[in-house]
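Q: Take this structure first; my questions come after.
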Amino acid sequence: MIDIRQIRDDFDAMARALARRGVTERELAGIRELDERRRALITEGDNLRAEQREGSRRIGSAPADERAEMIAAVKVVSARLDELEPLQADADRALEQALAVVPNLPHRDAPDGQDETDAIQLFTFGEMPSFGFEIADHVELGEALGIIDIPRAVKVSGSRFAYLLGSAVMLEFALIRWGLDELTAHGFLPVVPPVLTREEVLYGTAFLPTSADQLYRMERDDLYLVGTSEVPLAGLHMGEILDGDALPLRYGGFSTCFRREAGTYGKDTRGIFRVHQFDKLEMFSFVLPEDSEAEHERLRDIEVGLFRQLGLHGRVVDIPVGDLGDSAARKYDCEVWLPGQQAYRELTSASNCTDYQARRLRCRYRTPDGDTAMVHTLNGTLIAVGRTLIALLENHQRADGSVTVPEVLQPYVGADIITGRTLDGARER
């Protein structure tokens, strides 16, 4: 949530910044009016309470013949205060609801634009793969090896689900175990968080109210299945005041994630690129405001470093403001080349959410002078398992239909190549 004080103090600058994200000056002016009404009601209430206290004090020492009139005057004040209480509550609620749908202020260097075609390529990494044979996509490879079964998953759960079998399972957990080792080496504390969360945490991370159509809700229990462990990791310090000297706090969460993929009908229907259930390793950082830009670069570079180690080629793009999630001020996407699609596709991203989530989550830190201020929060996907499996299968396929296991994963997989559903433990040299 943006800071209402910024609208009060520099309306024109806020209007220019948020116009980049599609917020009109009229909408912002409406929020300012709600804030002015709320503050006017608070001021009136404070003045009336002071008048009530003074009137009550004077009644005790007033002559008897004046008390009735003074008591009547205090009752009038009390009656108005009773009227003000629900009015103030309504004003508070109206202002919060209006602010809840305003996105974060965009970073000054985030590119303008509305969709992925407006993204700016920052740099590439790794070498573009070349093949001396006809390549297959991950579905063809997975079915031939017997390690991905989509038709049976559709029979059991419907579209956008898949069974991973044998070597694919071993490869998934190799990625997770290796990823955890990488996370701890970079100073992240491993976490297995809850995957069911309360509405207030999703609101705090800005997935509600605007992304409700993407969430699975357990109505009987009033809980939501998370679409990313960013949500419970952000909620870890909800309502807390952190020690500024202890920052940054870095967490690496592993969870299964669930997304409805609403609005993507007919898009990426082949294979396991866009599914309703997937596993992921997520990085999350709580930092001092002055450190968030450097932390953003750090998260991005960690992601790129892992892709390099996996022998993948790709690029990093700066996402345009019109394509940012509500909470992000700036986002980098790491797109990896997928030979089966002959395209760069997003595998991970890193977002700087500045103080937007912290304000909604009421997460602050203690400053050296004893005051409090909002922390900055950042998130970055380290490994999106399903999409990384696609990249590994397609980029490391061999002419005979087998798949080479990247060297860094071989100790975790227990084999150098994947030749089918089961692993015989043999290492090809």
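Residues are named by chain letter and number: chains run A, B, ... in the order of the structure tokens, numbers start at 1 in each chain, and ligands are numbered from 1 in the order shown.
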I need the residues of region 126-270 of chain A that end up classed as alpha helix (DSSP H) by DSSP on the backbone, written out as number ranges by chain.

A: A: 138-145, 151-157, 167-185, 199-204, 230-235

Q: Can I get the selection written as a PDB file, in the first residue's frame, with C-alpha atoms?

A:
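To be explicit, this is the file written out as part.pdb:
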```pdb
ATOM      1  CA  HIS A 138       9.606 -31.812 -23.172  1.00  0.00           C
ATOM      2  CA  VAL A 139       6.299 -33.596 -23.698  1.00  0.00           C
ATOM      3  CA  GLU A 140       7.726 -35.847 -26.404  1.00  0.00           C
ATOM      4  CA  LEU A 141      10.852 -36.485 -24.347  1.00  0.00           C
ATOM      5  CA  GLY A 142       8.959 -37.083 -21.107  1.00  0.00           C
ATOM      6  CA  GLU A 143       6.469 -39.481 -22.680  1.00  0.00           C
ATOM      7  CA  ALA A 144       9.151 -41.412 -24.556  1.00  0.00           C
ATOM      8  CA  LEU A 145      11.198 -41.777 -21.358  1.00  0.00           C
ATOM      9  CA  PRO A 151      -3.324 -38.020 -19.951  1.00  0.00           C
ATOM     10  CA  ARG A 152      -3.673 -39.982 -16.698  1.00  0.00           C
ATOM     11  CA  ALA A 153      -3.370 -36.767 -14.654  1.00  0.00           C
ATOM     12  CA  VAL A 154      -6.174 -35.244 -16.738  1.00  0.00           C
ATOM     13  CA  LYS A 155      -8.260 -38.338 -16.002  1.00  0.00           C
ATOM     14  CA  VAL A 156      -7.657 -37.928 -12.269  1.00  0.00           C
ATOM     15  CA  SER A 157      -7.589 -34.137 -11.797  1.00  0.00           C
ATOM     16  CA  SER A 167      13.716 -40.081 -13.058  1.00  0.00           C
ATOM     17  CA  ALA A 168      11.647 -36.891 -13.259  1.00  0.00           C
ATOM     18  CA  VAL A 169      10.940 -37.181  -9.529  1.00  0.00           C
ATOM     19  CA  MET A 170      14.610 -37.792  -8.806  1.00  0.00           C
ATOM     20  CA  LEU A 171      15.491 -34.763 -10.923  1.00  0.00           C
ATOM     21  CA  GLU A 172      12.929 -32.596  -9.108  1.00  0.00           C
ATOM     22  CA  PHE A 173      14.279 -33.440  -5.675  1.00  0.00           C
ATOM     23  CA  ALA A 174      17.844 -33.088  -6.926  1.00  0.00           C
ATOM     24  CA  LEU A 175      16.963 -29.541  -7.974  1.00  0.00           C
ATOM     25  CA  ILE A 176      15.396 -28.819  -4.590  1.00  0.00           C
ATOM     26  CA  ARG A 177      18.234 -30.313  -2.564  1.00  0.00           C
ATOM     27  CA  TRP A 178      20.898 -28.578  -4.631  1.00  0.00           C
ATOM     28  CA  GLY A 179      18.902 -25.357  -4.523  1.00  0.00           C
ATOM     29  CA  LEU A 180      18.730 -25.504  -0.728  1.00  0.00           C
ATOM     30  CA  ASP A 181      22.495 -25.902  -0.563  1.00  0.00           C
ATOM     31  CA  GLU A 182      22.873 -22.870  -2.812  1.00  0.00           C
ATOM     32  CA  LEU A 183      20.425 -20.868  -0.697  1.00  0.00           C
ATOM     33  CA  THR A 184      22.231 -21.572   2.554  1.00  0.00           C
ATOM     34  CA  ALA A 185      25.559 -20.689   0.924  1.00  0.00           C
ATOM     35  CA  GLU A 199      -7.017 -13.695   3.984  1.00  0.00           C
ATOM     36  CA  GLU A 200      -5.119 -10.957   5.835  1.00  0.00           C
ATOM     37  CA  VAL A 201      -1.759 -12.363   4.702  1.00  0.00           C
ATOM     38  CA  LEU A 202      -2.840 -12.445   1.062  1.00  0.00           C
ATOM     39  CA  TYR A 203      -4.138  -8.920   1.487  1.00  0.00           C
ATOM     40  CA  GLY A 204      -0.831  -7.943   3.086  1.00  0.00           C
ATOM     41  CA  GLU A 230       6.253 -15.474  -0.965  1.00  0.00           C
ATOM     42  CA  VAL A 231       2.930 -15.139   0.875  1.00  0.00           C
ATOM     43  CA  PRO A 232       3.679 -17.108   4.077  1.00  0.00           C
ATOM     44  CA  LEU A 233       7.299 -15.910   4.075  1.00  0.00           C
ATOM     45  CA  ALA A 234       6.120 -12.285   3.997  1.00  0.00           C
ATOM     46  CA  GLY A 235       3.621 -13.087   6.754  1.00  0.00           C
TER      47      GLY A 235
END
```

Q: Using only C-alpha atoms, find the one residue out of A:Gly414, A:Gly253, A:Pro248, A:Gly146 that sits nearest to Pro190 (chain A).

A: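 Answer, going by the shortest atom-to-atom distance: A:Gly253.
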
Q: Could you give me, as JSON lines, a per-residue list for region 113-207 of chain A showing, wherever an atom lies at most 12 Å from an atom of region 310-328 of chain A, the closest pair of atoms and their distance in Å to one decimal, using only C-alpha atoms and sorting by chain then residue number from low to high?

A:
```
{"residue": "A:Gly113", "atom": "CA", "partner": "A:Pro320", "partner_atom": "CA", "distance": 5.0}
{"residue": "A:Gln114", "atom": "CA", "partner": "A:Gly322", "partner_atom": "CA", "distance": 4.0}
{"residue": "A:Asp115", "atom": "CA", "partner": "A:Asp323", "partner_atom": "CA", "distance": 5.2}
{"residue": "A:Glu116", "atom": "CA", "partner": "A:Ile319", "partner_atom": "CA", "distance": 7.0}
{"residue": "A:Thr117", "atom": "CA", "partner": "A:Pro320", "partner_atom": "CA", "distance": 8.9}
{"residue": "A:Asp118", "atom": "CA", "partner": "A:Pro320", "partner_atom": "CA", "distance": 6.1}
{"residue": "A:Ala119", "atom": "CA", "partner": "A:Ile319", "partner_atom": "CA", "distance": 4.8}
{"residue": "A:Ile120", "atom": "CA", "partner": "A:Asp318", "partner_atom": "CA", "distance": 5.1}
{"residue": "A:Gln121", "atom": "CA", "partner": "A:Val317", "partner_atom": "CA", "distance": 4.3}
{"residue": "A:Leu122", "atom": "CA", "partner": "A:Val317", "partner_atom": "CA", "distance": 5.5}
{"residue": "A:Phe123", "atom": "CA", "partner": "A:Val316", "partner_atom": "CA", "distance": 5.6}
{"residue": "A:Thr124", "atom": "CA", "partner": "A:Arg315", "partner_atom": "CA", "distance": 4.0}
{"residue": "A:Phe125", "atom": "CA", "partner": "A:Gly314", "partner_atom": "CA", "distance": 5.4}
{"residue": "A:Gly126", "atom": "CA", "partner": "A:His313", "partner_atom": "CA", "distance": 4.2}
{"residue": "A:Glu127", "atom": "CA", "partner": "A:His313", "partner_atom": "CA", "distance": 5.1}
{"residue": "A:Met128", "atom": "CA", "partner": "A:His313", "partner_atom": "CA", "distance": 5.4}
{"residue": "A:Pro129", "atom": "CA", "partner": "A:His313", "partner_atom": "CA", "distance": 7.4}
{"residue": "A:Ser130", "atom": "CA", "partner": "A:His313", "partner_atom": "CA", "distance": 11.1}
{"residue": "A:Ala174", "atom": "CA", "partner": "A:Leu310", "partner_atom": "CA", "distance": 11.9}
{"residue": "A:Leu175", "atom": "CA", "partner": "A:Leu310", "partner_atom": "CA", "distance": 9.8}
{"residue": "A:Trp178", "atom": "CA", "partner": "A:Leu310", "partner_atom": "CA", "distance": 10.9}
{"residue": "A:Gly179", "atom": "CA", "partner": "A:Leu310", "partner_atom": "CA", "distance": 11.2}
{"residue": "A:Leu202", "atom": "CA", "partner": "A:Ser327", "partner_atom": "CA", "distance": 11.5}
{"residue": "A:Tyr203", "atom": "CA", "partner": "A:Ser327", "partner_atom": "CA", "distance": 10.7}
{"residue": "A:Gly204", "atom": "CA", "partner": "A:Ser327", "partner_atom": "CA", "distance": 9.6}
{"residue": "A:Thr205", "atom": "CA", "partner": "A:Ser327", "partner_atom": "CA", "distance": 7.1}
{"residue": "A:Ala206", "atom": "CA", "partner": "A:Ser327", "partner_atom": "CA", "distance": 6.0}
{"residue": "A:Phe207", "atom": "CA", "partner": "A:Asp326", "partner_atom": "CA", "distance": 8.0}
```

Q: Could you tell me how far CA of Gln357 (chain A) sits from CA of Phe307 (chain A), in Å to one decimal place?

A: 28.5 Å

Q: I want to know what sits within 9 Å of Pro406 (chain A), based on only C-alpha atoms, with residues of the same chain fewer than 4 positions away left out; could you give that as an MDAnalysis selection string?

A: chainID A and resid 309:311 392 396 410 416:417

Q: Let me make sure I understand: among A:Pro106, A:Gly45, A:Gly380, A:Gly370, which one has the smallest atom-to-atom distance to Asp245 (chain A) if we use only C-alpha atoms?

A: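 Among the listed residues, the smallest separation from Asp245 (chain A) belongs to A:Gly370.
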
Q: Which parts of region 247-426 of chain A does DSSP call strand (DSSP E) when run on the backbone here, written out as a VMD selection string?

A: chain A and resid 249 to 258 277 to 287 314 to 318 330 to 338 343 to 352 364 to 366 372 to 374 376 to 384 403 to 404 417 to 418

Q: May I ask which of the residues A:Leu249, A:Ala350, A:Ile383, A:Ile302 is the closest one to Phe278 (chain A), counting only C-alpha atoms?

A: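 Closest to Phe278 (chain A) of all the choices is A:Ile383.
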
Q: Using only C-alpha atoms, which of the listed residues (A:Leu378, A:Leu87, A:Val192, A:Ala262) sits closest to Tyr216 (chain A)?

A: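 Closest residue, counting only C-alpha atoms: A:Ala262.
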
Q: Nearest to Thr354 (chain A) among A:Pro289, A:Gly266, A:Pro111, A:Gly227, with distances taken over only C-alpha atoms: which residue is it?

A: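 Between A:Pro289, A:Gly266, A:Pro111, A:Gly227, the residue approaching Thr354 (chain A) most closely is A:Pro289.
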
Q: Using only C-alpha atoms, determine which residues lie at most 6 Å from region 92-102 of chain A, disregarding the query and same-chain residues fewer than 2 positions distant; provide the list as a CSV table (one decimal) with all heavy atoms, in the first residue's frame.

A:
```csv
chain,number,residue,atom,x,y,z
A,34,LEU,N,-11.1,11.4,0.2
A,34,LEU,CA,-11.5,10.5,1.2
A,34,LEU,C,-10.6,10.7,2.5
A,34,LEU,O,-11.1,10.7,3.6
A,34,LEU,CB,-11.3,9.0,0.7
A,34,LEU,CG,-12.4,8.5,-0.3
A,34,LEU,CD1,-11.9,7.2,-0.8
A,34,LEU,CD2,-13.7,8.5,0.4
A,89,ALA,N,-15.5,5.2,11.2
A,89,ALA,CA,-15.2,3.8,10.8
A,89,ALA,C,-15.4,3.7,9.3
A,89,ALA,O,-14.6,3.0,8.6
A,89,ALA,CB,-16.0,2.8,11.6
A,90,ASP,N,-16.5,4.2,8.8
A,90,ASP,CA,-16.8,4.2,7.4
A,90,ASP,C,-15.7,4.9,6.6
A,90,ASP,O,-15.3,4.4,5.5
A,90,ASP,CB,-18.2,4.8,7.1
A,90,ASP,CG,-19.3,4.0,7.6
A,90,ASP,OD1,-19.1,2.8,7.9
A,90,ASP,OD2,-20.5,4.5,7.7
```

Q: Using only C-alpha atoms, find the one residue out of A:Val385, A:Ala19, A:Ile59, A:Ile42 that sits nearest to Pro86 (chain A).

A: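 Ranked by minimum distance to Pro86 (chain A), first place goes to A:Ile42.
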
Q: Quick one: residues within 10 Å of Phe258 (chain A), only C-alpha atoms, excluding same-chain residues fewer than 5 positions away - as a list in words?

A: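 Within the cut-off, the hits are Val195, Gln214, Leu215, Tyr216, Tyr224, Leu225, Val226, Gly227, Thr228, Val275, His276, Gln277, Phe278 and Asp279 of chain A.
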
Q: I need the chosen residues saved as a PDB file, in the first residue's frame, with N, CA, C and O atoms.

A:
```pdb
ATOM      1  N   VAL A 195       1.075 -23.846   3.535  1.00  0.00           N
ATOM      2  CA  VAL A 195       0.571 -23.516   2.190  1.00  0.00           C
ATOM      3  C   VAL A 195      -0.893 -23.121   2.221  1.00  0.00           C
ATOM      4  O   VAL A 195      -1.480 -22.834   1.181  1.00  0.00           O
ATOM      5  N   GLN A 214      -7.212 -15.743  -9.149  1.00  0.00           N
ATOM      6  CA  GLN A 214      -6.113 -16.688  -9.338  1.00  0.00           C
ATOM      7  C   GLN A 214      -5.968 -17.658  -8.160  1.00  0.00           C
ATOM      8  O   GLN A 214      -5.176 -18.589  -8.228  1.00  0.00           O
ATOM      9  N   LEU A 215      -6.718 -17.437  -7.096  1.00  0.00           N
ATOM     10  CA  LEU A 215      -6.508 -18.169  -5.846  1.00  0.00           C
ATOM     11  C   LEU A 215      -7.539 -19.271  -5.646  1.00  0.00           C
ATOM     12  O   LEU A 215      -8.702 -19.139  -6.030  1.00  0.00           O
ATOM     13  N   TYR A 216      -7.094 -20.360  -4.999  1.00  0.00           N
ATOM     14  CA  TYR A 216      -7.998 -21.412  -4.556  1.00  0.00           C
ATOM     15  C   TYR A 216      -8.372 -21.131  -3.101  1.00  0.00           C
ATOM     16  O   TYR A 216      -7.498 -21.046  -2.239  1.00  0.00           O
ATOM     17  N   TYR A 224      -6.815 -19.907   2.227  1.00  0.00           N
ATOM     18  CA  TYR A 224      -6.462 -19.930   0.814  1.00  0.00           C
ATOM     19  C   TYR A 224      -5.217 -20.780   0.595  1.00  0.00           C
ATOM     20  O   TYR A 224      -4.281 -20.743   1.411  1.00  0.00           O
ATOM     21  N   LEU A 225      -5.195 -21.532  -0.502  1.00  0.00           N
ATOM     22  CA  LEU A 225      -3.972 -22.204  -0.930  1.00  0.00           C
ATOM     23  C   LEU A 225      -3.052 -21.170  -1.567  1.00  0.00           C
ATOM     24  O   LEU A 225      -3.496 -20.375  -2.393  1.00  0.00           O
ATOM     25  N   VAL A 226      -1.785 -21.185  -1.195  1.00  0.00           N
ATOM     26  CA  VAL A 226      -0.870 -20.157  -1.686  1.00  0.00           C
ATOM     27  C   VAL A 226      -0.461 -20.441  -3.121  1.00  0.00           C
ATOM     28  O   VAL A 226      -0.319 -21.590  -3.531  1.00  0.00           O
ATOM     29  N   GLY A 227      -0.266 -19.368  -3.873  1.00  0.00           N
ATOM     30  CA  GLY A 227       0.238 -19.479  -5.234  1.00  0.00           C
ATOM     31  C   GLY A 227       1.746 -19.368  -5.282  1.00  0.00           C
ATOM     32  O   GLY A 227       2.368 -19.598  -6.317  1.00  0.00           O
ATOM     33  N   THR A 228       2.349 -18.984  -4.151  1.00  0.00           N
ATOM     34  CA  THR A 228       3.792 -18.862  -4.006  1.00  0.00           C
ATOM     35  C   THR A 228       4.107 -18.772  -2.525  1.00  0.00           C
ATOM     36  O   THR A 228       3.318 -18.208  -1.754  1.00  0.00           O
ATOM     37  N   VAL A 275       0.677 -24.962 -15.167  1.00  0.00           N
ATOM     38  CA  VAL A 275      -0.170 -25.944 -14.497  1.00  0.00           C
ATOM     39  C   VAL A 275      -0.769 -25.347 -13.224  1.00  0.00           C
ATOM     40  O   VAL A 275      -0.369 -24.280 -12.764  1.00  0.00           O
ATOM     41  N   HIS A 276      -1.718 -26.060 -12.647  1.00  0.00           N
ATOM     42  CA  HIS A 276      -2.392 -25.570 -11.449  1.00  0.00           C
ATOM     43  C   HIS A 276      -1.619 -25.888 -10.164  1.00  0.00           C
ATOM     44  O   HIS A 276      -1.842 -25.242  -9.144  1.00  0.00           O
ATOM     45  N   GLN A 277      -0.762 -26.890 -10.207  1.00  0.00           N
ATOM     46  CA  GLN A 277      -0.006 -27.308  -9.024  1.00  0.00           C
ATOM     47  C   GLN A 277       1.458 -27.487  -9.411  1.00  0.00           C
ATOM     48  O   GLN A 277       1.772 -28.158 -10.391  1.00  0.00           O
ATOM     49  N   PHE A 278       2.352 -26.868  -8.643  1.00  0.00           N
ATOM     50  CA  PHE A 278       3.777 -26.987  -8.948  1.00  0.00           C
ATOM     51  C   PHE A 278       4.572 -26.706  -7.681  1.00  0.00           C
ATOM     52  O   PHE A 278       4.062 -26.137  -6.709  1.00  0.00           O
ATOM     53  N   ASP A 279       5.830 -27.120  -7.689  1.00  0.00           N
ATOM     54  CA  ASP A 279       6.719 -26.923  -6.541  1.00  0.00           C
ATOM     55  C   ASP A 279       7.723 -25.830  -6.867  1.00  0.00           C
ATOM     56  O   ASP A 279       8.127 -25.654  -8.023  1.00  0.00           O
TER      57      ASP A 279
END
```

Q: Record the distance separating CA of Glu335 (chain A) and CA of Ser349 (chain A), expressed in Å with one decimal.

A: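 Between these atoms lies a distance of 8.6 Å.
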
Q: Mind checking which residues fall within 10 Å of Met70 (chain A), counting only C-alpha atoms, ignoring those fewer than 6 positions away in the same chain, and posting them as a list in words?

A: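 Selected residues are Gly55, Ser56, Arg58, Ile59, Ala62 and Val76 of chain A.
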